[in-house]
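**Student:** My structure is in upload.pdb, and what it holds is PDB, C-alpha atoms and all ligand atoms:
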ATOM      1  CA  MET A   1      -6.314 -33.653 -14.646
ATOM      2  CA  GLY A   2      -7.283 -31.269 -11.840
ATOM      3  CA  LYS A   3      -6.450 -27.604 -11.632
ATOM      4  CA  VAL A   4      -2.758 -26.699 -11.865
ATOM      5  CA  VAL A   5      -0.812 -23.474 -11.411
ATOM      6  CA  TYR A   6       2.715 -23.372 -12.855
ATOM      7  CA  TYR A   7       5.465 -21.083 -11.563
ATOM      8  CA  LEU A   8       7.809 -20.343 -14.455
ATOM      9  CA  THR A   9      11.551 -19.894 -13.978
ATOM     10  CA  PRO A  10      13.591 -18.040 -14.927
ATOM     11  CA  SER A  11      11.395 -15.123 -13.997
ATOM     12  CA  SER A  12      11.829 -12.078 -11.764
ATOM     13  CA  PHE A  13      15.109 -10.178 -11.317
ATOM     14  CA  CYS A  14      17.796 -10.701 -13.949
ATOM     15  CA  PHE A  15      21.515 -10.185 -13.548
ATOM     16  CA  GLY A  16      21.335  -6.545 -14.697
ATOM     17  CA  VAL A  17      18.520  -5.652 -12.308
ATOM     18  CA  GLU A  18      20.192  -7.392  -9.348
ATOM     19  CA  ARG A  19      23.369  -5.529 -10.167
ATOM     20  CA  ALA A  20      21.572  -2.161 -10.345
ATOM     21  CA  VAL A  21      19.572  -2.723  -7.142
ATOM     22  CA  ASN A  22      22.646  -3.888  -5.214
ATOM     23  CA  GLY A  23      24.665  -1.036  -6.695
ATOM     24  CA  LEU A  24      22.218   1.658  -5.649
ATOM     25  CA  SER A  25      21.868   0.083  -2.193
ATOM     26  CA  ALA A  26      25.641   0.323  -1.774
ATOM     27  CA  ILE A  27      25.673   3.936  -3.008
ATOM     28  CA  VAL A  28      22.897   4.865  -0.569
ATOM     29  CA  ALA A  29      24.752   3.131   2.260
ATOM     30  CA  SER A  30      27.970   5.007   1.540
ATOM     31  CA  HIS A  31      26.489   8.454   0.819
ATOM     32  CA  GLN A  32      23.479   8.375   3.144
ATOM     33  CA  PRO A  33      24.680   6.087   5.935
ATOM     34  CA  ASN A  34      21.713   6.878   8.181
ATOM     35  CA  GLY A  35      19.244   6.206   5.399
ATOM     36  CA  GLN A  36      18.570   9.942   5.247
ATOM     37  CA  ALA A  37      19.885  12.516   2.801
ATOM     38  CA  GLY A  38      21.998  15.120   4.535
ATOM     39  CA  PRO A  39      23.623  18.288   3.176
ATOM     40  CA  GLY A  40      25.754  17.530   0.128
ATOM     41  CA  ASP A  41      24.960  13.828  -0.042
ATOM     42  CA  LYS A  42      21.599  13.762  -1.747
ATOM     43  CA  VAL A  43      21.392  10.850  -4.196
ATOM     44  CA  PHE A  44      19.536  11.433  -7.483
ATOM     45  CA  CYS A  45      18.721   8.569  -9.831
ATOM     46  CA  VAL A  46      18.092   9.578 -13.433
ATOM     47  CA  HIS A  47      14.954   7.674 -14.506
ATOM     48  CA  ALA A  48      13.528   4.702 -12.571
ATOM     49  CA  LEU A  49      16.461   2.452 -11.632
ATOM     50  CA  VAL A  50      14.489  -0.479 -13.084
ATOM     51  CA  HIS A  51      10.903  -0.417 -14.312
ATOM     52  CA  ASN A  52       9.168  -1.513 -11.143
ATOM     53  CA  PRO A  53       7.320   0.976  -8.907
ATOM     54  CA  LYS A  54       7.917  -1.089  -5.768
ATOM     55  CA  VAL A  55      11.681  -0.874  -6.283
ATOM     56  CA  THR A  56      11.387   2.871  -6.913
ATOM     57  CA  LYS A  57       9.310   3.372  -3.759
ATOM     58  CA  ASP A  58      11.782   1.357  -1.684
ATOM     59  CA  PHE A  59      14.643   3.638  -2.750
ATOM     60  CA  GLU A  60      12.534   6.780  -2.305
ATOM     61  CA  ASP A  61      11.933   5.641   1.264
ATOM     62  CA  ARG A  62      15.715   5.468   1.647
ATOM     63  CA  GLY A  63      16.111   9.085   0.521
ATOM     64  CA  VAL A  64      16.812   8.666  -3.216
ATOM     65  CA  ALA A  65      15.172  11.233  -5.512
ATOM     66  CA  PHE A  66      14.174  10.159  -9.023
ATOM     67  CA  VAL A  67      14.442  12.639 -11.888
ATOM     68  CA  GLU A  68      14.177  12.327 -15.672
ATOM     69  CA  SER A  69      17.179  14.434 -16.620
ATOM     70  CA  ILE A  70      20.415  15.713 -15.099
ATOM     71  CA  TYR A  71      19.001  19.197 -15.751
ATOM     72  CA  ASP A  72      16.340  18.472 -13.109
ATOM     73  CA  ILE A  73      19.062  18.175 -10.448
ATOM     74  CA  PRO A  74      19.416  21.515  -8.664
ATOM     75  CA  ASP A  75      22.615  20.929  -6.724
ATOM     76  CA  ASP A  76      26.116  20.334  -8.194
ATOM     77  CA  ASP A  77      27.019  18.668  -4.900
ATOM     78  CA  ALA A  78      24.613  15.854  -5.715
ATOM     79  CA  VAL A  79      25.440  12.179  -6.110
ATOM     80  CA  VAL A  80      24.063  11.117  -9.500
ATOM     81  CA  VAL A  81      23.171   7.585 -10.556
ATOM     82  CA  PHE A  82      22.191   6.404 -14.041
ATOM     83  CA  SER A  83      19.686   3.586 -14.284
ATOM     84  CA  ALA A  84      20.000   0.048 -15.666
ATOM     85  CA  HIS A  85      18.518   1.272 -18.972
ATOM     86  CA  GLY A  86      21.720   3.023 -19.999
ATOM     87  CA  ILE A  87      22.774   6.562 -20.678
ATOM     88  CA  ASN A  88      23.818   8.680 -23.644
ATOM     89  CA  ARG A  89      27.626   8.989 -23.303
ATOM     90  CA  VAL A  90      27.489  12.718 -23.960
ATOM     91  CA  VAL A  91      25.170  13.192 -20.958
ATOM     92  CA  LEU A  92      27.363  10.872 -18.885
ATOM     93  CA  GLU A  93      30.389  13.082 -19.566
ATOM     94  CA  GLN A  94      28.399  16.245 -18.770
ATOM     95  CA  ALA A  95      27.340  14.690 -15.468
ATOM     96  CA  ARG A  96      30.905  13.663 -14.620
ATOM     97  CA  ALA A  97      32.076  17.214 -15.251
ATOM     98  CA  ARG A  98      29.384  18.744 -13.063
ATOM     99  CA  PHE A  99      28.456  16.585 -10.090
ATOM    100  CA  LYS A 100      30.217  15.513  -6.922
ATOM    101  CA  ALA A 101      29.953  11.805  -7.726
ATOM    102  CA  VAL A 102      28.494   9.923 -10.696
ATOM    103  CA  TYR A 103      27.689   6.207 -10.914
ATOM    104  CA  ASN A 104      26.514   4.410 -14.031
ATOM    105  CA  LEU A 105      24.441   1.335 -13.133
ATOM    106  CA  GLU A 106      23.680   0.565 -16.777
ATOM    107  CA  CYS A 107      23.343  -3.144 -17.511
ATOM    108  CA  PRO A 108      26.404  -4.536 -19.342
ATOM    109  CA  PHE A 109      24.077  -5.882 -22.068
ATOM    110  CA  VAL A 110      23.046  -2.284 -22.736
ATOM    111  CA  SER A 111      26.689  -1.140 -22.629
ATOM    112  CA  LYS A 112      27.354  -3.616 -25.446
ATOM    113  CA  ILE A 113      25.015  -1.625 -27.700
ATOM    114  CA  TYR A 114      27.018   1.563 -27.113
ATOM    115  CA  GLN A 115      30.178  -0.402 -27.948
ATOM    116  CA  GLU A 116      28.519  -1.576 -31.166
ATOM    117  CA  VAL A 117      27.586   1.997 -32.050
ATOM    118  CA  ASP A 118      31.151   3.212 -31.430
ATOM    119  CA  ALA A 119      32.678   0.311 -33.386
ATOM    120  CA  SER A 120      30.305   0.957 -36.295
ATOM    121  CA  LEU A 121      31.072   4.679 -36.339
ATOM    122  CA  GLN A 122      34.781   3.903 -36.377
ATOM    123  CA  LYS A 123      34.231   1.727 -39.447
ATOM    124  CA  GLY A 124      32.474   4.611 -41.172
ATOM    125  CA  ILE A 125      28.959   3.288 -40.620
ATOM    126  CA  SER A 126      26.792   6.166 -39.459
ATOM    127  CA  THR A 127      23.331   4.944 -40.439
ATOM    128  CA  PHE A 128      21.519   2.688 -38.001
ATOM    129  CA  PHE A 129      18.297   0.716 -37.925
ATOM    130  CA  TYR A 130      17.050   0.310 -34.367
ATOM    131  CA  VAL A 131      14.352  -2.252 -33.590
ATOM    132  CA  GLY A 132      12.688  -1.067 -30.410
ATOM    133  CA  LYS A 133       9.901   0.818 -28.700
ATOM    134  CA  LYS A 134       9.604   4.504 -29.472
ATOM    135  CA  TYR A 135       9.074   5.666 -25.887
ATOM    136  CA  HIS A 136      11.415   3.321 -24.029
ATOM    137  CA  GLN A 137      14.259   4.804 -21.989
ATOM    138  CA  GLU A 138      16.903   2.458 -23.409
ATOM    139  CA  LYS A 139      15.958   3.428 -26.966
ATOM    140  CA  LYS A 140      15.821   7.130 -26.148
ATOM    141  CA  ASN A 141      19.384   7.222 -24.831
ATOM    142  CA  VAL A 142      20.899   5.128 -27.635
ATOM    143  CA  VAL A 143      19.154   7.257 -30.266
ATOM    144  CA  ASP A 144      20.246  10.500 -28.567
ATOM    145  CA  TYR A 145      23.830   9.224 -28.513
ATOM    146  CA  ILE A 146      23.870   8.218 -32.190
ATOM    147  CA  GLN A 147      22.456  11.603 -33.153
ATOM    148  CA  ALA A 148      24.930  13.426 -30.910
ATOM    149  CA  LYS A 149      27.725  11.621 -32.797
ATOM    150  CA  GLY A 150      26.321  12.821 -36.109
ATOM    151  CA  GLY A 151      24.700   9.525 -37.077
ATOM    152  CA  THR A 152      21.260   8.843 -38.510
ATOM    153  CA  VAL A 153      18.974   6.351 -36.830
ATOM    154  CA  TYR A 154      15.627   4.896 -37.894
ATOM    155  CA  VAL A 155      13.511   3.437 -35.091
ATOM    156  CA  PHE A 156      10.802   0.902 -35.821
ATOM    157  CA  GLN A 157       9.127  -2.077 -34.267
ATOM    158  CA  ASN A 158       7.750  -4.237 -37.058
ATOM    159  CA  LYS A 159       8.764  -5.729 -40.380
ATOM    160  CA  ASP A 160       6.345  -3.557 -42.346
ATOM    161  CA  GLN A 161       8.054  -0.450 -40.921
ATOM    162  CA  ILE A 162      11.550  -1.253 -42.220
ATOM    163  CA  PRO A 163      12.688   2.015 -43.824
ATOM    164  CA  ARG A 164      13.467   2.264 -47.512
ATOM    165  CA  ILE A 165      16.891   3.826 -47.889
ATOM    166  CA  ASP A 166      19.660   3.695 -50.473
ATOM    167  CA  PRO A 167      20.810   0.041 -50.346
ATOM    168  CA  ALA A 168      24.408   1.124 -50.896
ATOM    169  CA  VAL A 169      24.510   3.061 -47.616
ATOM    170  CA  PRO A 170      26.612   1.265 -44.971
ATOM    171  CA  LEU A 171      24.178   0.215 -42.301
ATOM    172  CA  ALA A 172      24.175  -1.314 -38.814
ATOM    173  CA  ALA A 173      21.114  -2.889 -37.210
ATOM    174  CA  LEU A 174      20.616  -2.661 -33.461
ATOM    175  CA  SER A 175      17.809  -3.757 -31.191
ATOM    176  CA  GLN A 176      16.461  -3.012 -27.746
ATOM    177  CA  THR A 177      17.579  -5.643 -25.225
ATOM    178  CA  THR A 178      14.072  -6.500 -24.047
ATOM    179  CA  MET A 179      12.256  -7.132 -27.325
ATOM    180  CA  ASP A 180      10.758 -10.451 -28.380
ATOM    181  CA  TYR A 181      13.728 -12.472 -29.636
ATOM    182  CA  ALA A 182      11.872 -14.336 -32.403
ATOM    183  CA  HIS A 183      10.279 -11.099 -33.605
ATOM    184  CA  VAL A 184      13.653  -9.305 -33.762
ATOM    185  CA  CYS A 185      15.313 -12.212 -35.620
ATOM    186  CA  ASP A 186      12.485 -12.174 -38.146
ATOM    187  CA  ILE A 187      12.996  -8.443 -38.765
ATOM    188  CA  LEU A 188      16.770  -8.828 -39.036
ATOM    189  CA  LYS A 189      16.316 -11.565 -41.637
ATOM    190  CA  GLU A 190      14.063  -9.286 -43.656
ATOM    191  CA  ILE A 191      16.566  -6.407 -43.416
ATOM    192  CA  LYS A 192      19.246  -8.737 -44.742
ATOM    193  CA  LYS A 193      17.011  -9.715 -47.639
ATOM    194  CA  ARG A 194      16.178  -6.123 -48.559
ATOM    195  CA  TYR A 195      19.696  -4.744 -48.236
ATOM    196  CA  PRO A 196      21.896  -7.515 -49.669
ATOM    197  CA  LEU A 197      24.509  -5.120 -51.039
ATOM    198  CA  ALA A 198      24.722  -2.875 -48.039
ATOM    199  CA  GLN A 199      27.486  -3.306 -45.519
ATOM    200  CA  LEU A 200      25.070  -4.693 -43.006
ATOM    201  CA  LEU A 201      25.967  -5.701 -39.481
ATOM    202  CA  LEU A 202      23.239  -7.839 -38.024
ATOM    203  CA  LEU A 203      23.495  -7.655 -34.281
ATOM    204  CA  SER A 204      20.634  -9.035 -32.241
ATOM    205  CA  ASP A 205      20.890  -7.243 -28.931
ATOM    206  CA  VAL A 206      18.079  -9.051 -27.132
ATOM    207  CA  CYS A 207      19.690 -10.081 -23.849
ATOM    208  CA  LYS A 208      19.954 -13.605 -22.486
ATOM    209  CA  ALA A 209      17.661 -12.851 -19.538
ATOM    210  CA  THR A 210      14.894 -11.599 -21.817
ATOM    211  CA  TYR A 211      15.368 -14.540 -24.180
ATOM    212  CA  GLU A 212      15.235 -17.156 -21.411
ATOM    213  CA  ARG A 213      12.094 -15.656 -19.851
ATOM    214  CA  GLN A 214      10.445 -15.898 -23.274
ATOM    215  CA  VAL A 215      11.655 -19.447 -23.992
ATOM    216  CA  ILE A 216      10.204 -20.907 -20.784
ATOM    217  CA  VAL A 217       6.834 -19.515 -21.897
ATOM    218  CA  SER A 218       6.960 -20.513 -25.558
ATOM    219  CA  ASP A 219       8.327 -24.007 -24.792
ATOM    220  CA  ASN A 220       5.380 -24.767 -22.511
ATOM    221  CA  LEU A 221       2.427 -23.226 -24.320
ATOM    222  CA  ASP A 222       0.699 -26.615 -24.502
ATOM    223  CA  LYS A 223       0.612 -26.900 -20.698
ATOM    224  CA  PHE A 224      -1.521 -23.890 -19.758
ATOM    225  CA  GLU A 225      -4.644 -22.056 -20.892
ATOM    226  CA  ALA A 226      -4.380 -18.918 -18.760
ATOM    227  CA  PHE A 227      -1.287 -16.788 -18.280
ATOM    228  CA  VAL A 228      -0.535 -14.237 -15.559
ATOM    229  CA  VAL A 229       2.358 -11.808 -16.052
ATOM    230  CA  ILE A 230       3.488  -9.602 -13.192
ATOM    231  CA  GLY A 231       5.459  -6.525 -14.172
ATOM    232  CA  GLY A 232       5.655  -2.755 -14.011
ATOM    233  CA  LYS A 233       3.584  -0.795 -16.509
ATOM    234  CA  GLU A 234       6.786   0.464 -18.162
ATOM    235  CA  SER A 235       8.552  -2.906 -18.113
ATOM    236  CA  ASN A 236       9.036  -3.835 -21.748
ATOM    237  CA  ASN A 237      10.260  -7.376 -21.148
ATOM    238  CA  SER A 238       7.184  -8.066 -18.975
ATOM    239  CA  LYS A 239       4.910  -6.711 -21.697
ATOM    240  CA  GLU A 240       6.645  -8.868 -24.306
ATOM    241  CA  LEU A 241       5.880 -11.927 -22.152
ATOM    242  CA  SER A 242       2.250 -10.903 -21.967
ATOM    243  CA  ASP A 243       2.199 -10.418 -25.759
ATOM    244  CA  ILE A 244       3.379 -14.011 -26.241
ATOM    245  CA  GLY A 245       0.388 -15.178 -24.188
ATOM    246  CA  ILE A 246      -2.010 -13.020 -26.200
ATOM    247  CA  LYS A 247      -0.438 -14.067 -29.518
ATOM    248  CA  TYR A 248      -0.975 -17.743 -28.721
ATOM    249  CA  GLY A 249      -4.560 -17.304 -27.556
ATOM    250  CA  LYS A 250      -3.991 -17.644 -23.814
ATOM    251  CA  LYS A 251      -6.334 -15.874 -21.446
ATOM    252  CA  THR A 252      -3.737 -13.339 -20.322
ATOM    253  CA  PHE A 253      -3.744 -11.161 -17.200
ATOM    254  CA  TYR A 254      -1.228  -8.392 -16.554
ATOM    255  CA  GLY A 255      -0.579  -6.416 -13.405
ATOM    256  CA  GLU A 256       2.092  -5.010 -11.136
ATOM    257  CA  ASN A 257       1.103  -7.235  -8.238
ATOM    258  CA  LEU A 258      -1.637  -9.448  -6.794
ATOM    259  CA  ASP A 259      -3.832  -6.425  -6.025
ATOM    260  CA  ASP A 260      -3.842  -5.510  -9.721
ATOM    261  CA  ILE A 261      -4.656  -9.087 -10.707
ATOM    262  CA  LEU A 262      -7.545  -9.143  -8.242
ATOM    263  CA  THR A 263      -9.175  -6.286 -10.162
ATOM    264  CA  TYR A 264     -10.029  -8.868 -12.856
ATOM    265  CA  PRO A 265     -13.369 -10.642 -12.240
ATOM    266  CA  LYS A 266     -12.882 -13.851 -10.229
ATOM    267  CA  GLU A 267     -14.802 -15.888 -12.806
ATOM    268  CA  GLU A 268     -12.200 -14.872 -15.418
ATOM    269  CA  LEU A 269      -9.230 -15.623 -13.160
ATOM    270  CA  PHE A 270     -10.624 -19.083 -12.426
ATOM    271  CA  ALA A 271     -12.045 -19.771 -15.891
ATOM    272  CA  CYS A 272      -9.164 -22.084 -16.838
ATOM    273  CA  ASP A 273      -7.893 -25.244 -15.149
ATOM    274  CA  THR A 274      -4.260 -24.612 -16.047
ATOM    275  CA  VAL A 275      -2.548 -21.314 -15.280
ATOM    276  CA  ALA A 276       1.076 -20.225 -15.684
ATOM    277  CA  VAL A 277       2.492 -17.376 -13.602
ATOM    278  CA  THR A 278       5.607 -15.407 -14.435
ATOM    279  CA  GLY A 279       7.106 -11.927 -14.158
ATOM    280  CA  GLY A 280       9.574  -9.785 -16.036
ATOM    281  CA  ALA A 281      13.217  -9.154 -15.259
ATOM    282  CA  SER A 282      12.435  -6.206 -12.970
ATOM    283  CA  THR A 283       9.624  -7.863 -11.000
ATOM    284  CA  PRO A 284      10.365  -8.762  -7.364
ATOM    285  CA  ALA A 285       9.976 -12.530  -6.890
ATOM    286  CA  GLU A 286       7.593 -12.075  -3.953
ATOM    287  CA  ASP A 287       5.066 -10.359  -6.238
ATOM    288  CA  ILE A 288       5.044 -13.345  -8.608
ATOM    289  CA  LYS A 289       4.883 -15.774  -5.701
ATOM    290  CA  ALA A 290       1.895 -13.927  -4.208
ATOM    291  CA  VAL A 291      -0.099 -14.664  -7.368
ATOM    292  CA  PHE A 292       1.130 -18.259  -7.473
ATOM    293  CA  ASP A 293       0.065 -18.692  -3.811
ATOM    294  CA  PHE A 294      -3.301 -17.096  -4.560
ATOM    295  CA  TYR A 295      -4.059 -19.823  -7.114
ATOM    296  CA  ARG A 296      -2.660 -22.519  -4.818
ATOM    297  CA  GLU A 297      -4.913 -21.353  -1.990
ATOM    298  CA  ASN A 298      -7.844 -21.521  -4.376
ATOM    299  CA  GLY A 299      -7.450 -25.203  -5.167
ATOM    300  CA  TYR A 300      -4.795 -25.217  -7.890
ATOM    301  CA  GLU A 301      -2.019 -27.789  -7.555
ATOM    302  CA  PRO A 302       1.333 -25.912  -7.509
ATOM    303  CA  LYS A 303       4.017 -27.012  -9.984
ATOM    304  CA  MET A 304       7.329 -25.557 -11.113
ATOM    305  CA  LEU A 305       8.413 -25.252 -14.744
ATOM    306  CA  SER A 306      12.074 -24.438 -15.367
ATOM    307  CA  LEU A 307      14.390 -24.238 -18.348
TER     308      LEU A 307
HETATM  309  S1  LIG B   1      16.594  -7.395 -18.969
HETATM  310 FE1  LIG B   1      18.569  -7.813 -19.939
HETATM  311  S2  LIG B   1      19.353  -5.811 -20.546
HETATM  312 FE2  LIG B   1      17.717  -5.447 -19.058
HETATM  313  S3  LIG B   1      18.773  -5.340 -17.101
HETATM  314 FE3  LIG B   1      18.153  -7.471 -17.370
HETATM  315  S4  LIG B   1      19.952  -8.497 -18.290
HETATM  316 FE4  LIG B   1      20.193  -6.277 -18.542
END
Any chance you could give the structure as structure tokens?

**Tutor:**
Amino acid sequence: MGKVVYYLTPSSFCFGVERAVNGLSAIVASHQPNGQAGPGDKVFCVHALVHNPKVTKDFEDRGVAFVESIYDIPDDDAVVVFSAHGINRVVLEQARARFKAVYNLECPFVSKIYQEVDASLQKGISTFFYVGKKYHQEKKNVVDYIQAKGGTVYVFQNKDQIPRIDPAVPLAALSQTTMDYAHVCDILKEIKKRYPLAQLLLLSDVCKATYERQVIVSDNLDKFEAFVVIGGKESNNSKELSDIGIKYGKKTFYGENLDDILTYPKEELFACDTVAVTGGASTPAEDIKAVFDFYRENGYEPKMLSL
């Protein structure tokens, strides 16, 4: 067999990212119709709308300012937008009370986690295990919300970090939407084993988009030796894809775009005859395609692999 480059789908924008990008575009169009912020209609987005710098830059060019907190917004007349990663409900209410207009572009899969927290609290469960990344925005907001409601939450990423608590304490397990699905299920199984008497709700919150982008990789591991993942440096679902490649011994390259990939030595990029190219849920399709085309132009036969 000659050299082959595979384009994996699904890859690139998921439903939640499309929804957030289209939502902010519509907000910009209605509040800054000339593409320029004028008095009283400045749009502020709290945190990157999605974790891709190209998307951020595109909205900055259209007059949107990105901040990390509502307290960074100087003007009560501002239009405030919350990103796809979700927002602590207490902060959301504070924003609604203060600003001219507030839009929450949180992905519905993230909203589901807040519903799970509320439902658990109503049942008297105020202790939570959260499987996720310590510094991720989605985690930060969920944890802040649980704590604001008087709950206790333990955040960890691996099985060996499962906390030891009183097994009689009613407990709910939550997870970040963009974690590795198999990894989360493994941890949830272990939690169940260790806390058999606890009132334990096992709720895998890994979203369908994340799961499907992982399955197309893990189902086709026998077809490629090298693996290129395109994603923002803060994009957790992109990093999880890259980790699958590393875990299964693939020569794995990670970058935000073709320029990043070209910083790897050419002999490494072309060391393998079979290469798969993908990108996370916040990666623009053209950035994945640019890498796919790069291999095609360098003698690799292009093929598609879909679920
Ligand atoms: S990766 Fe999942 S949770 Fe995140 S925006 Fe996309 S669909 Fe929503």

**Student:** Between A:Glu116, A:Asp77, A:Asp260, A:Glu106, which one has atoms that come closest to Ala20 (chain A), using all atoms listed in the file?

**Tutor:** A:Glu106

**Student:** For the provided coordinates, the residues matched by the PyMOL selection byres (((not hetatm)) within 8 of (chain B and resi 1)) should be stated as number ranges by chain.

**Tutor:** A: 13-17, 20, 50, 84-85, 106-110, 177-178, 206-210, 237, 280-282

**Student:** Please indicate the distance in Å from CA of Ala26 (chain A) to CA of Val64 (chain A), rounded to one decimal place.

**Tutor:**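 So the two atoms, CA of Ala26 (chain A) and CA of Val64 (chain A), lie 12.2 Å apart.
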
**Student:** Do you know which residues the PyMOL selection byres (((chain A and resi 100) around 6) and not hetatm) returns on this file, as a ChimeraX atom specification?

**Tutor:** /A:77-79,99,101

**Student:** Quick one: distance from CA of Tyr154 (chain A) to CA of Val67 (chain A) in Å, one decimal?

**Tutor:** 27.2 Å

**Student:** Output the residue selection produced by the PyMOL selection byres (((chain A and resi 131-141) around 7) and not hetatm) on the file above, formatted as a count of residues only.

**Tutor:** 17

**Student:** Using all atoms listed in the file, which protein or nucleic acid residues come within 7 Å of Phe66 (chain A)? Drop anything in the same chain fewer than 6 positions from it, and give the result as an MDAnalysis selection string.

**Tutor:** chainID A and resid 44:48

**Student:** Can you work out which one of A:Tyr264, A:Tyr114, A:Tyr254, A:Tyr71 has the shortest atom-to-atom distance to Arg98 (chain A), counting all atoms listed in the file?

**Tutor:** A:Tyr71

**Student:** Using all atoms listed in the file, which residues sit within 12 Å of Asp222 (chain A) once same-chain residues fewer than 4 positions away are excluded, as number ranges by chain?

**Tutor:** A: 216-218, 226-227, 245, 248-250, 274-276
